[in-house]
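*Asks:* You'll find entry35.tsv just under this line, and it carries TSV, C-alpha atoms.
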```tsv
chain	number	residue	atom	x	y	z
S	100	MET	CA	-138.28	27.40	50.59
S	101	GLU	CA	-134.93	28.84	51.61
S	102	GLY	CA	-133.49	32.09	52.89
S	103	GLN	CA	-130.94	34.21	51.15
S	104	LYS	CA	-128.08	32.57	49.22
S	105	GLY	CA	-129.71	29.12	49.30
S	106	ARG	CA	-129.27	28.60	53.03
S	107	PRO	CA	-131.95	28.16	55.71
S	108	TRP	CA	-133.66	31.34	56.85
S	109	GLN	CA	-131.54	32.86	59.59
S	110	VAL	CA	-133.84	34.02	62.38
S	111	VAL	CA	-132.91	36.03	65.47
S	112	GLY	CA	-135.16	36.48	68.52
S	113	ILE	CA	-134.69	39.81	70.28
S	114	ASN	CA	-136.26	40.86	73.59
S	115	PHE	CA	-138.00	38.34	75.83
S	116	ASP	CA	-140.39	40.75	77.59
S	117	HIS	CA	-143.36	38.83	76.17
S	118	MET	CA	-143.57	35.14	77.02
S	119	HIS	CA	-144.66	34.36	73.45
S	120	MET	CA	-141.02	34.59	72.33
S	121	GLY	CA	-140.59	30.99	73.40
S	122	ASP	CA	-143.55	29.91	71.28
S	123	LEU	CA	-142.26	31.73	68.20
S	124	LEU	CA	-138.74	30.37	68.61
S	125	ARG	CA	-140.21	26.88	68.82
S	126	GLU	CA	-141.83	27.47	65.43
S	127	VAL	CA	-138.45	28.45	63.99
S	128	HIS	CA	-136.80	25.43	65.61
S	129	GLU	CA	-139.37	23.10	64.02
S	130	HIS	CA	-139.37	24.78	60.59
S	131	PRO	CA	-137.53	22.65	58.01
S	132	ASP	CA	-136.04	25.66	56.21
S	133	ALA	CA	-135.27	28.01	59.10
S	134	GLU	CA	-132.94	28.03	62.08
S	135	ILE	CA	-132.42	30.07	65.21
S	136	ALA	CA	-129.27	32.00	64.33
S	137	ALA	CA	-129.08	33.89	67.63
S	138	ILE	CA	-131.08	35.26	70.53
S	139	CYS	CA	-130.64	38.53	72.38
S	140	ASP	CA	-131.93	40.08	75.59
S	141	ALA	CA	-130.46	42.61	78.01
S	142	LYS	CA	-131.22	40.21	80.86
S	143	PRO	CA	-129.36	36.93	80.24
S	144	GLU	CA	-131.44	34.96	82.73
S	145	ARG	CA	-134.54	35.42	80.59
S	146	MET	CA	-132.93	33.43	77.74
S	147	THR	CA	-132.01	30.39	79.82
S	148	SER	CA	-135.10	28.33	79.05
S	149	ALA	CA	-134.81	28.99	75.29
S	150	ILE	CA	-131.13	28.04	75.30
S	151	GLU	CA	-131.97	24.75	76.98
S	152	ALA	CA	-135.15	24.01	75.01
S	153	PHE	CA	-133.64	24.58	71.57
S	154	GLY	CA	-130.00	23.70	72.16
S	155	ILE	CA	-128.80	27.20	71.27
S	156	ASP	CA	-125.03	27.63	71.08
S	157	ARG	CA	-124.04	30.11	73.78
S	158	ARG	CA	-121.72	31.78	71.28
S	159	THR	CA	-124.89	33.02	69.55
S	160	VAL	CA	-126.43	34.43	72.72
S	161	PHE	CA	-126.17	38.22	72.98
S	162	THR	CA	-127.14	40.97	75.39
S	163	ASP	CA	-126.52	43.85	72.94
S	164	VAL	CA	-128.76	44.30	69.90
S	165	ALA	CA	-126.18	46.06	67.71
S	166	ALA	CA	-123.54	43.41	68.42
S	167	CYS	CA	-126.03	40.64	67.66
S	168	LEU	CA	-127.27	42.02	64.35
S	169	THR	CA	-123.79	43.07	63.18
S	170	ALA	CA	-122.43	39.57	63.82
S	171	ILE	CA	-125.37	37.56	62.50
S	172	ARG	CA	-127.02	39.62	59.73
S	173	PRO	CA	-130.27	37.58	59.88
S	174	ASP	CA	-133.07	37.34	57.34
S	175	LEU	CA	-135.79	37.73	59.96
S	176	VAL	CA	-135.93	39.26	63.44
S	177	ILE	CA	-138.65	38.27	65.88
S	178	LEU	CA	-139.38	41.00	68.42
S	179	CYS	CA	-141.26	40.50	71.70
S	180	PRO	CA	-140.71	43.71	73.72
S	181	ALA	CA	-143.05	45.36	76.19
S	182	THR	CA	-145.81	47.19	74.35
S	183	ALA	CA	-144.42	50.66	75.03
S	184	ASP	CA	-141.08	49.63	73.49
S	185	HIS	CA	-142.40	48.38	70.16
S	186	ALA	CA	-141.60	51.53	68.17
S	187	ARG	CA	-138.13	51.96	69.64
S	188	ALA	CA	-137.33	48.29	69.03
S	189	VAL	CA	-138.39	48.42	65.38
S	190	GLU	CA	-136.45	51.64	64.81
S	191	GLU	CA	-133.38	50.02	66.36
S	192	VAL	CA	-133.58	46.82	64.30
S	193	ALA	CA	-134.87	47.97	60.89
S	194	PRO	CA	-131.62	49.63	59.66
S	195	TYR	CA	-129.84	46.25	59.80
S	196	GLY	CA	-131.88	45.05	56.83
S	197	ALA	CA	-133.83	42.12	58.29
S	198	ASP	CA	-137.56	41.69	57.93
S	199	ILE	CA	-139.46	41.93	61.22
S	200	LEU	CA	-142.18	39.87	62.89
S	201	ILE	CA	-143.35	41.57	66.08
S	202	GLU	CA	-145.64	39.99	68.63
S	203	LYS	CA	-148.99	41.62	69.34
S	204	PRO	CA	-150.19	44.20	70.06
S	205	PHE	CA	-149.16	46.47	67.21
S	206	ALA	CA	-148.03	49.33	69.46
S	207	ALA	CA	-148.79	51.36	72.56
S	208	SER	CA	-150.20	54.19	70.45
S	209	LEU	CA	-151.12	55.12	66.91
S	210	ALA	CA	-148.13	57.45	66.79
S	211	ASP	CA	-145.85	54.54	67.70
S	212	ALA	CA	-147.48	52.34	65.05
S	213	ASP	CA	-146.80	55.01	62.45
S	214	ARG	CA	-143.18	55.23	63.61
S	215	MET	CA	-142.85	51.48	63.06
S	216	ILE	CA	-144.34	51.68	59.56
S	217	ALA	CA	-142.08	54.63	58.69
S	218	ALA	CA	-138.94	52.92	60.03
S	219	THR	CA	-139.48	49.73	58.04
S	220	LYS	CA	-140.34	51.61	54.85
S	221	ALA	CA	-137.24	53.78	55.20
S	222	ALA	CA	-135.06	50.70	55.66
S	223	GLY	CA	-136.74	48.78	52.85
S	224	VAL	CA	-137.71	45.87	55.13
S	225	ARG	CA	-141.04	44.16	55.67
S	226	LEU	CA	-143.13	44.21	58.85
S	227	ALA	CA	-145.74	41.76	60.15
S	228	ILE	CA	-147.68	41.86	63.42
S	229	ASN	CA	-148.54	38.49	64.93
S	230	TRP	CA	-151.97	38.10	66.51
S	231	PRO	CA	-152.14	34.53	67.89
S	232	LEU	CA	-155.94	34.49	67.66
S	233	ALA	CA	-155.58	34.81	63.87
S	234	TRP	CA	-154.30	31.20	63.84
S	235	TYR	CA	-157.16	29.68	65.81
S	236	PRO	CA	-159.09	27.30	63.50
S	237	PRO	CA	-162.55	28.52	64.60
S	238	HIS	CA	-161.74	32.14	63.76
S	239	VAL	CA	-160.19	31.19	60.42
S	240	THR	CA	-163.28	29.10	59.69
S	241	ALA	CA	-165.53	32.00	60.67
S	242	LYS	CA	-163.72	34.31	58.24
S	243	ARG	CA	-164.09	31.74	55.44
S	244	LEU	CA	-167.84	31.46	56.08
S	245	ILE	CA	-168.16	35.25	56.12
S	246	ASP	CA	-166.29	35.51	52.82
S	247	GLU	CA	-168.54	32.82	51.36
S	248	GLY	CA	-171.58	34.95	52.26
S	249	ALA	CA	-172.96	32.56	54.89
S	250	ILE	CA	-174.30	35.39	57.09
S	251	GLY	CA	-174.62	38.14	54.49
S	252	ASP	CA	-173.10	41.53	55.22
S	253	VAL	CA	-171.42	41.75	58.64
S	254	LEU	CA	-173.28	44.26	60.80
S	255	GLU	CA	-171.91	43.68	64.31
S	256	VAL	CA	-168.93	42.00	65.99
S	257	HIS	CA	-169.06	41.05	69.68
S	258	PHE	CA	-165.81	40.03	71.35
S	259	TYR	CA	-164.96	38.83	74.85
S	260	ASP	CA	-161.47	37.57	75.55
S	261	GLY	CA	-158.64	37.37	78.04
S	262	ASN	CA	-157.24	34.94	80.58
S	263	ARG	CA	-156.54	34.61	84.28
S	264	GLY	CA	-153.78	37.18	83.89
S	265	PRO	CA	-150.50	37.57	81.96
S	266	LEU	CA	-148.32	36.30	84.79
S	267	TYR	CA	-150.10	32.95	85.13
S	268	HIS	CA	-148.37	31.33	82.16
S	269	LEU	CA	-144.98	31.17	80.47
S	270	ALA	CA	-144.01	30.02	76.96
S	271	ASP	CA	-145.84	26.86	75.83
S	272	LYS	CA	-148.55	27.77	78.37
S	273	VAL	CA	-146.50	26.50	81.32
S	274	GLU	CA	-148.53	27.47	84.39
S	275	VAL	CA	-147.32	29.68	87.23
S	276	SER	CA	-148.57	29.37	90.81
S	277	ASP	CA	-150.76	31.93	92.56
S	278	GLU	CA	-147.92	32.63	94.99
S	279	GLU	CA	-145.46	33.38	92.18
S	280	VAL	CA	-147.95	35.65	90.42
S	281	ILE	CA	-148.45	37.65	93.63
S	282	ARG	CA	-144.68	37.93	94.03
S	283	GLN	CA	-144.09	39.15	90.47
S	284	LYS	CA	-147.06	41.47	90.08
S	285	PRO	CA	-145.63	44.63	91.76
S	286	GLY	CA	-142.58	44.72	89.48
S	287	SER	CA	-144.01	43.37	86.23
S	288	TRP	CA	-144.18	45.58	83.14
S	289	TRP	CA	-147.62	44.13	82.47
S	290	TYR	CA	-148.90	46.22	85.39
S	291	LYS	CA	-147.03	49.45	84.57
S	292	ARG	CA	-148.89	52.12	82.62
S	293	ALA	CA	-145.66	53.58	81.22
S	294	SER	CA	-144.75	50.17	79.78
S	295	GLY	CA	-148.09	49.73	78.02
S	296	GLY	CA	-149.62	47.38	80.56
S	297	GLY	CA	-153.27	46.60	81.19
S	298	SER	CA	-155.90	44.34	79.66
S	299	LEU	CA	-157.11	47.00	77.21
S	300	LEU	CA	-153.72	47.35	75.50
S	301	ASP	CA	-153.06	43.61	75.80
S	302	TYR	CA	-156.31	42.27	74.35
S	303	LEU	CA	-158.41	45.00	72.72
S	304	GLY	CA	-156.18	44.89	69.65
S	305	TYR	CA	-157.28	41.29	69.11
S	306	GLY	CA	-160.95	42.21	68.93
S	307	ALA	CA	-160.34	45.44	67.03
S	308	THR	CA	-158.02	43.87	64.45
S	309	LEU	CA	-159.80	40.57	63.88
S	310	GLY	CA	-163.13	42.40	64.04
S	311	THR	CA	-161.94	44.70	61.27
S	312	TRP	CA	-160.83	41.59	59.35
S	313	PHE	CA	-164.33	40.11	59.71
S	314	MET	CA	-165.75	43.43	58.49
S	315	ASN	CA	-163.47	43.43	55.45
S	316	GLY	CA	-161.58	46.53	56.55
S	317	ARG	CA	-164.51	48.73	57.59
S	318	ALA	CA	-163.80	51.12	60.44
S	319	PRO	CA	-166.24	52.41	63.09
S	320	LEU	CA	-167.46	55.99	63.30
S	321	THR	CA	-167.22	56.48	67.07
S	322	VAL	CA	-165.72	54.71	70.08
S	323	THR	CA	-166.91	54.64	73.70
S	324	SER	CA	-164.84	52.82	76.32
S	325	THR	CA	-164.71	52.33	80.06
S	326	VAL	CA	-162.24	50.41	82.21
S	327	ASP	CA	-161.96	48.98	85.71
S	328	ARG	CA	-158.69	49.61	87.57
S	329	PRO	CA	-158.63	47.67	90.85
S	330	ALA	CA	-157.33	49.50	93.90
S	331	GLY	CA	-153.56	49.66	93.99
S	332	LEU	CA	-153.03	49.02	90.26
S	333	GLU	CA	-151.87	51.52	87.63
S	334	VAL	CA	-153.66	49.71	84.82
S	335	ASP	CA	-157.01	48.14	84.08
S	336	GLU	CA	-157.86	44.46	84.31
S	337	HIS	CA	-161.22	44.82	82.56
S	338	SER	CA	-162.40	47.03	79.70
S	339	ILE	CA	-165.57	47.36	77.64
S	340	THR	CA	-165.55	49.25	74.34
S	341	VAL	CA	-168.57	50.04	72.17
S	342	LEU	CA	-168.02	50.79	68.49
S	343	ARG	CA	-170.66	52.59	66.44
S	344	TYR	CA	-170.70	51.70	62.75
S	345	ASP	CA	-173.13	52.90	60.12
S	346	THR	CA	-174.68	49.42	60.48
S	347	GLY	CA	-175.08	49.41	64.27
S	348	LEU	CA	-173.13	48.77	67.47
S	349	SER	CA	-170.33	46.30	68.22
S	350	LYS	CA	-168.87	45.48	71.63
S	351	LEU	CA	-165.30	44.49	72.47
S	352	GLU	CA	-164.54	43.35	76.04
S	353	THR	CA	-161.14	42.47	77.54
S	354	ARG	CA	-160.56	40.70	80.84
S	355	TRP	CA	-157.60	39.72	82.98
S	356	GLY	CA	-159.10	37.57	85.71
S	357	THR	CA	-161.28	35.11	83.84
S	358	PHE	CA	-162.33	32.18	85.99
S	359	THR	CA	-160.24	29.77	83.90
S	360	ASP	CA	-157.84	30.13	80.97
S	361	PRO	CA	-159.68	29.46	77.68
S	362	TRP	CA	-156.95	27.13	76.36
S	363	THR	CA	-157.51	24.91	79.42
S	364	LEU	CA	-161.24	25.29	80.05
S	365	GLN	CA	-163.53	27.90	78.53
S	366	PRO	CA	-164.70	30.38	81.18
S	367	GLN	CA	-168.08	32.07	81.25
S	368	PRO	CA	-168.55	34.36	79.36
S	369	LYS	CA	-166.86	32.29	76.68
S	370	CYS	CA	-163.77	33.77	75.05
S	371	GLY	CA	-164.16	34.47	71.36
S	372	PHE	CA	-166.49	36.20	68.88
S	373	VAL	CA	-170.16	36.39	68.01
S	374	ILE	CA	-170.70	37.95	64.58
S	375	VAL	CA	-174.06	39.26	63.40
S	376	GLY	CA	-174.78	39.58	59.70
S	377	SER	CA	-177.71	40.69	57.57
S	378	GLU	CA	-178.64	37.04	56.86
S	379	GLY	CA	-177.43	35.16	59.92
S	380	THR	CA	-175.22	34.92	62.97
S	381	LEU	CA	-172.02	33.07	63.73
S	382	SER	CA	-170.25	32.24	67.00
S	383	SER	CA	-166.53	31.45	67.00
S	384	TYR	CA	-165.03	30.60	70.38
S	385	ASP	CA	-161.33	30.17	71.13
S	386	PHE	CA	-160.03	26.58	70.91
S	387	GLU	CA	-163.41	25.02	70.12
S	388	HIS	CA	-163.83	22.40	67.39
S	389	HIS	CA	-167.02	23.85	65.93
S	390	VAL	CA	-168.40	27.24	65.01
S	391	HIS	CA	-172.15	27.73	65.33
S	392	LEU	CA	-174.17	29.12	62.45
S	393	GLN	CA	-177.69	30.50	62.28
S	394	THR	CA	-179.30	31.76	59.06
S	395	ARG	CA	-182.68	32.99	57.91
S	396	GLN	CA	-183.14	29.77	55.94
S	397	HIS	CA	-182.02	27.63	58.91
S	398	PRO	CA	-182.76	29.59	62.10
S	399	VAL	CA	-181.96	26.69	64.41
S	400	ILE	CA	-178.33	27.21	65.45
S	401	HIS	CA	-176.21	24.34	64.18
S	402	PRO	CA	-172.56	23.40	64.73
S	403	MET	CA	-170.13	23.31	61.83
S	404	PRO	CA	-166.72	21.61	62.21
S	405	VAL	CA	-163.75	23.91	61.94
S	406	HIS	CA	-161.40	23.12	59.10
S	407	ASP	CA	-157.83	22.05	59.62
S	408	LEU	CA	-155.20	24.67	58.90
S	409	VAL	CA	-152.71	23.63	56.24
S	410	ALA	CA	-149.18	24.81	55.51
S	411	PRO	CA	-148.17	27.55	55.08
S	412	HIS	CA	-151.23	28.98	56.82
S	413	ARG	CA	-150.96	27.28	60.21
S	414	LYS	CA	-148.54	29.49	62.15
S	415	PRO	CA	-147.01	32.96	61.86
S	416	VAL	CA	-143.39	32.02	61.15
S	417	GLU	CA	-144.14	29.62	58.31
S	418	TYR	CA	-146.67	32.07	56.91
S	419	VAL	CA	-144.45	35.15	56.78
S	420	LEU	CA	-141.49	33.19	55.44
S	421	SER	CA	-143.67	31.68	52.72
S	422	ARG	CA	-145.22	34.99	51.68
S	423	TRP	CA	-141.95	36.89	51.69
S	424	ASN	CA	-140.13	34.07	49.91
S	425	GLU	CA	-142.65	34.48	47.09
S	426	GLY	CA	-142.27	38.27	47.09
S	427	LEU	CA	-145.80	38.75	48.45
S	428	ASP	CA	-147.05	40.98	51.25
S	429	VAL	CA	-148.66	39.47	54.33
S	430	GLU	CA	-152.43	39.78	54.44
S	431	GLY	CA	-155.21	39.99	57.01
S	432	PRO	CA	-154.51	40.73	60.67
S	433	LEU	CA	-150.73	40.45	60.21
S	434	SER	CA	-150.62	43.30	57.71
S	435	PRO	CA	-149.64	46.76	59.02
S	436	GLU	CA	-152.49	48.27	57.00
S	437	LEU	CA	-155.25	46.29	58.69
S	438	SER	CA	-153.53	46.34	62.09
S	439	ARG	CA	-153.35	50.13	61.87
S	440	ILE	CA	-157.15	50.30	61.75
S	441	GLY	CA	-157.20	48.15	64.89
S	442	GLN	CA	-154.67	50.49	66.49
S	443	ARG	CA	-156.87	53.50	65.68
S	444	ILE	CA	-159.68	51.78	67.57
S	445	VAL	CA	-157.44	50.93	70.54
S	446	ASP	CA	-156.03	54.47	70.74
S	447	THR	CA	-159.47	56.02	70.58
S	448	ALA	CA	-160.74	53.58	73.23
S	449	ARG	CA	-157.91	54.43	75.60
S	450	ARG	CA	-158.59	58.16	75.23
S	451	SER	CA	-162.31	57.61	75.61
S	452	ALA	CA	-161.76	55.72	78.87
S	453	ASP	CA	-159.40	58.43	80.17
S	454	GLU	CA	-161.75	61.25	79.22
S	455	GLY	CA	-165.01	59.52	80.06
S	456	ARG	CA	-166.74	60.33	76.79
S	457	THR	CA	-167.52	59.09	73.30
S	458	LEU	CA	-164.94	60.05	70.67
S	459	ASP	CA	-164.81	60.03	66.90
S	460	LEU	CA	-162.41	57.40	65.60
S	461	LEU	CA	-158.90	58.80	65.32
S	462	PRO	CA	-157.72	59.26	61.73
```
Can the structure in the file be given as structure tokens, please?

*Replies:*
Amino acid sequence: MEGQKGRPWQVVGINFDHMHMGDLLREVHEHPDAEIAAICDAKPERMTSAIEAFGIDRRTVFTDVAACLTAIRPDLVILCPATADHARAVEEVAPYGADILIEKPFAASLADADRMIAATKAAGVRLAINWPLAWYPPHVTAKRLIDEGAIGDVLEVHFYDGNRGPLYHLADKVEVSDEEVIRQKPGSWWYKRASGGGSLLDYLGYGATLGTWFMNGRAPLTVTSTVDRPAGLEVDEHSITVLRYDTGLSKLETRWGTFTDPWTLQPQPKCGFVIVGSEGTLSSYDFEHHVHLQTRQHPVIHPMPVHDLVAPHRKPVEYVLSRWNEGLDVEGPLSPELSRIGQRIVDTARRSADEGRTLDLLP
């Protein structure tokens, strides 16, 4: 698998607002047919760790997007801006002709998501939205079991997820001290409403998008949401959203401030999904090595090992490059079509929380 003109895929990382940029660049660095062609951020100090970790030539380090893309002309751009900047970033990059992989969430609003879709269509480039939970083996295993009919028709999806807070970890899950988190919190975009901060915008898209994936694209009828904004903060650190489907109610809960981070030690409540079907139930928790299945024929809940992910379905970079190399669209949570349904849910939830009432799902 190679990029254009028989050379490795040329990949540029632009905007280091989100700490996941380091994780995605590592995937490029380790990919046998791709290379980091350049990186770009308006704040040079934010690129230092990537330069050192991946041995990036400082001649390919930029602080201006136009200069970077004019000089490099990459095949793929990875974008990790603050949530509120997603639409502007895509509109800025798309005309240069590179396909785009943007880190979750899709956007700060449905209108912004539609701007992103329109910009990429107008430029004739492809767009994928990366949801890291879509690569967790238990959730992939859960989707396979659902598709195989293990629990019948999906009726409800229950989601609880989050972490200690977005400032507690850097790329590769490097931990940050309590003292450093306290120091950074007042100025961090994660805690600014205008920048798209808050646990609802950070994590609800996971539950809404993967939940829609589990439901094979079905959308809810109404949305009811409430949030908790601690004193002194502009944004929430806890949200609960109830979705009403024609089959019943689902619940999606987001939390900054879990007792432990789920990738280190599962907190209580556990982070992940419980899915209820017409013929059984299935629990799929982040980072665990088993999913737990219950059926009418076998009502005693029993563990089932998760299956190993195999190339090119292990990570977002190898996946999008493989699909696009074959002339195929991305599928599932990474697709703009399915992610747009998740964004409709998130937008409606945010309005519901602001207005304090149940709302019909936005079109």

*Asks:* Do you have the atom CA of S:Gln393-atom CA of S:Asp407 distance handy?

*Replies:* 21.7 Å

*Asks:* Would you kindly return, as a PyMOL selection string, each protein, DNA or RNA residue with an atom no farther than 10 Å from any atom of S:Leu226, considering only C-alpha atoms and excluding same-chain residues fewer than 4 positions away?

*Replies:* chain S and resi 175-176+189+193+197-201+215-216+218-220+419+428-429+433-435

*Asks:* Give me, as a PyMOL selection string, all polymer residues having an atom no more than 12 Å from stretch 345-353 of chain S, counting all atoms listed in the file and skipping those fewer than 6 positions away in the same chain.

*Replies:* chain S and resi 252-264+297-311+314+317-327+335-339+368-377+441+444-445+448

*Asks:* Can you measure atom CA of S:Val224 to atom CA of S:Ile150 for me? One decimal in Å is fine.

*Replies:*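 A separation of 27.7 Å between them.
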
*Asks:* Could you jot down the atom CA of S:Arg145 to atom CA of S:Pro180 separation for me, Å, one decimal place?

*Replies:*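 Computing it gives 12.4 Å between the two atoms.
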
*Asks:* So which residues are close to (-169.5, 27.1, 71.6), meaning at most 12 Å away in the file's coordinates with all atoms listed in the file counted, and can you show them as an mmCIF file with C-alpha atoms, keeping the file's coordinate frame?

*Replies:*
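The resulting file, out.cif, is reproduced below:
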```cif
data_model
loop_
_atom_site.group_PDB
_atom_site.id
_atom_site.type_symbol
_atom_site.label_atom_id
_atom_site.label_comp_id
_atom_site.auth_asym_id
_atom_site.auth_seq_id
_atom_site.Cartn_x
_atom_site.Cartn_y
_atom_site.Cartn_z
ATOM 1 C CA PRO S 237 -162.550 28.520 64.600
ATOM 2 C CA PRO S 361 -159.680 29.460 77.680
ATOM 3 C CA LEU S 364 -161.240 25.290 80.050
ATOM 4 C CA GLN S 365 -163.530 27.900 78.530
ATOM 5 C CA PRO S 366 -164.700 30.380 81.180
ATOM 6 C CA GLN S 367 -168.080 32.070 81.250
ATOM 7 C CA PRO S 368 -168.550 34.360 79.360
ATOM 8 C CA LYS S 369 -166.860 32.290 76.680
ATOM 9 C CA CYS S 370 -163.770 33.770 75.050
ATOM 10 C CA GLY S 371 -164.160 34.470 71.360
ATOM 11 C CA PHE S 372 -166.490 36.200 68.880
ATOM 12 C CA VAL S 373 -170.160 36.390 68.010
ATOM 13 C CA LEU S 381 -172.020 33.070 63.730
ATOM 14 C CA SER S 382 -170.250 32.240 67.000
ATOM 15 C CA SER S 383 -166.530 31.450 67.000
ATOM 16 C CA TYR S 384 -165.030 30.600 70.380
ATOM 17 C CA ASP S 385 -161.330 30.170 71.130
ATOM 18 C CA PHE S 386 -160.030 26.580 70.910
ATOM 19 C CA GLU S 387 -163.410 25.020 70.120
ATOM 20 C CA HIS S 388 -163.830 22.400 67.390
ATOM 21 C CA HIS S 389 -167.020 23.850 65.930
ATOM 22 C CA VAL S 390 -168.400 27.240 65.010
ATOM 23 C CA HIS S 391 -172.150 27.730 65.330
ATOM 24 C CA LEU S 392 -174.170 29.120 62.450
ATOM 25 C CA ILE S 400 -178.330 27.210 65.450
ATOM 26 C CA HIS S 401 -176.210 24.340 64.180
ATOM 27 C CA PRO S 402 -172.560 23.400 64.730
ATOM 28 C CA MET S 403 -170.130 23.310 61.830
ATOM 29 C CA PRO S 404 -166.720 21.610 62.210
ATOM 30 C CA VAL S 405 -163.750 23.910 61.940
#
```

*Asks:* Compare S:Leu244, S:Leu124, S:Leu332, S:Ile155 by their minimum atom-to-atom distance to S:Gly286, counting all atoms listed in the file, and give me the closest one.

*Replies:* S:Leu332

*Asks:* Hey, which of S:Ala206, S:Leu420, S:His128, S:Phe161 ends up closest to S:Lys142? Count all atoms listed in the file.

*Replies:* S:Phe161

*Asks:* Counting all atoms listed in the file, figure out which residue out of S:Leu427, S:Leu209, S:Val239, S:Val409 gets nearest to S:Ala183.

*Replies:*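 Comparing S:Leu427, S:Leu209, S:Val239, S:Val409 against S:Ala183, the winner is S:Leu209.
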
*Asks:* So which one's closest to S:Trp230, S:Asp446, S:Glu151, S:Glu378, S:Glu202? Using all atoms listed in the file, please.

*Replies:*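 Of S:Asp446, S:Glu151, S:Glu378, S:Glu202, the one nearest S:Trp230 is S:Glu202, counting all atoms listed in the file.
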
*Asks:* Name the residues, using the chain letters and numbers of the file, that sit within 8 Å of (-150.2, 24.3, 73.4) when counting all atoms listed in the file, and give them as a ChimeraX atom specification.

*Replies:* /S:271-272,362

*Asks:* Which residue gives the smallest distance to S:Leu458 among S:His185, S:Gly251, S:Arg343, S:Thr394, with all atoms listed in the file counted?

*Replies:*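 That would be S:Arg343, the residue with the smallest distance to S:Leu458.
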
*Asks:* Skipping near chain neighbours, those fewer than 5 positions away, what residues fall within 7 Å of S:Ala270 using all atoms listed in the file, listed as a PyMOL selection string?

*Replies:* chain S and resi 118-119+121-122

*Asks:* Closest to S:Pro231 among S:Ala137, S:Pro173, S:Lys203, S:Thr359, using all atoms listed in the file?

*Replies:*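 Closest to S:Pro231 of all the choices is S:Lys203.
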
*Asks:* Output stretch 280-291 of chain S as a compact mmCIF listing (two decimals), in the frame of the given file, making sure N, CA, C and O atoms are there.

*Replies:*
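Heads up, here's the output in selection_5.txt:
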```txt
# COMPACT_ATOMS: atom_id res chain seq x y z
N VAL S 280 -147.29 34.51 91.05
CA VAL S 280 -147.95 35.65 90.42
C VAL S 280 -148.00 36.83 91.38
O VAL S 280 -147.68 37.98 91.01
N ILE S 281 -148.38 36.58 92.62
CA ILE S 281 -148.45 37.65 93.63
C ILE S 281 -147.08 38.27 93.84
O ILE S 281 -146.93 39.49 93.97
N ARG S 282 -146.04 37.43 93.83
CA ARG S 282 -144.68 37.93 94.03
C ARG S 282 -144.22 38.82 92.87
O ARG S 282 -143.60 39.85 93.06
N GLN S 283 -144.57 38.43 91.65
CA GLN S 283 -144.09 39.15 90.47
C GLN S 283 -144.90 40.40 90.15
O GLN S 283 -144.37 41.33 89.54
N LYS S 284 -146.14 40.44 90.54
CA LYS S 284 -147.06 41.47 90.08
C LYS S 284 -146.57 42.91 90.34
O LYS S 284 -146.63 43.75 89.43
N PRO S 285 -146.04 43.23 91.51
CA PRO S 285 -145.63 44.63 91.76
C PRO S 285 -144.55 45.14 90.81
O PRO S 285 -144.51 46.34 90.51
N GLY S 286 -143.67 44.27 90.33
CA GLY S 286 -142.58 44.72 89.48
C GLY S 286 -142.74 44.43 88.01
O GLY S 286 -141.87 44.79 87.21
N SER S 287 -143.84 43.80 87.61
CA SER S 287 -144.01 43.37 86.23
C SER S 287 -144.40 44.52 85.31
O SER S 287 -145.26 45.34 85.65
N TRP S 288 -143.82 44.54 84.11
CA TRP S 288 -144.18 45.58 83.14
C TRP S 288 -145.63 45.48 82.73
O TRP S 288 -146.25 46.49 82.35
N TRP S 289 -146.21 44.29 82.83
CA TRP S 289 -147.62 44.13 82.47
C TRP S 289 -148.53 45.04 83.30
O TRP S 289 -149.64 45.37 82.87
N TYR S 290 -148.07 45.41 84.49
CA TYR S 290 -148.90 46.22 85.39
C TYR S 290 -148.39 47.65 85.53
O TYR S 290 -148.76 48.34 86.47
N LYS S 291 -147.54 48.09 84.58
CA LYS S 291 -147.03 49.45 84.57
C LYS S 291 -147.64 50.21 83.40
O LYS S 291 -147.52 49.81 82.25
```
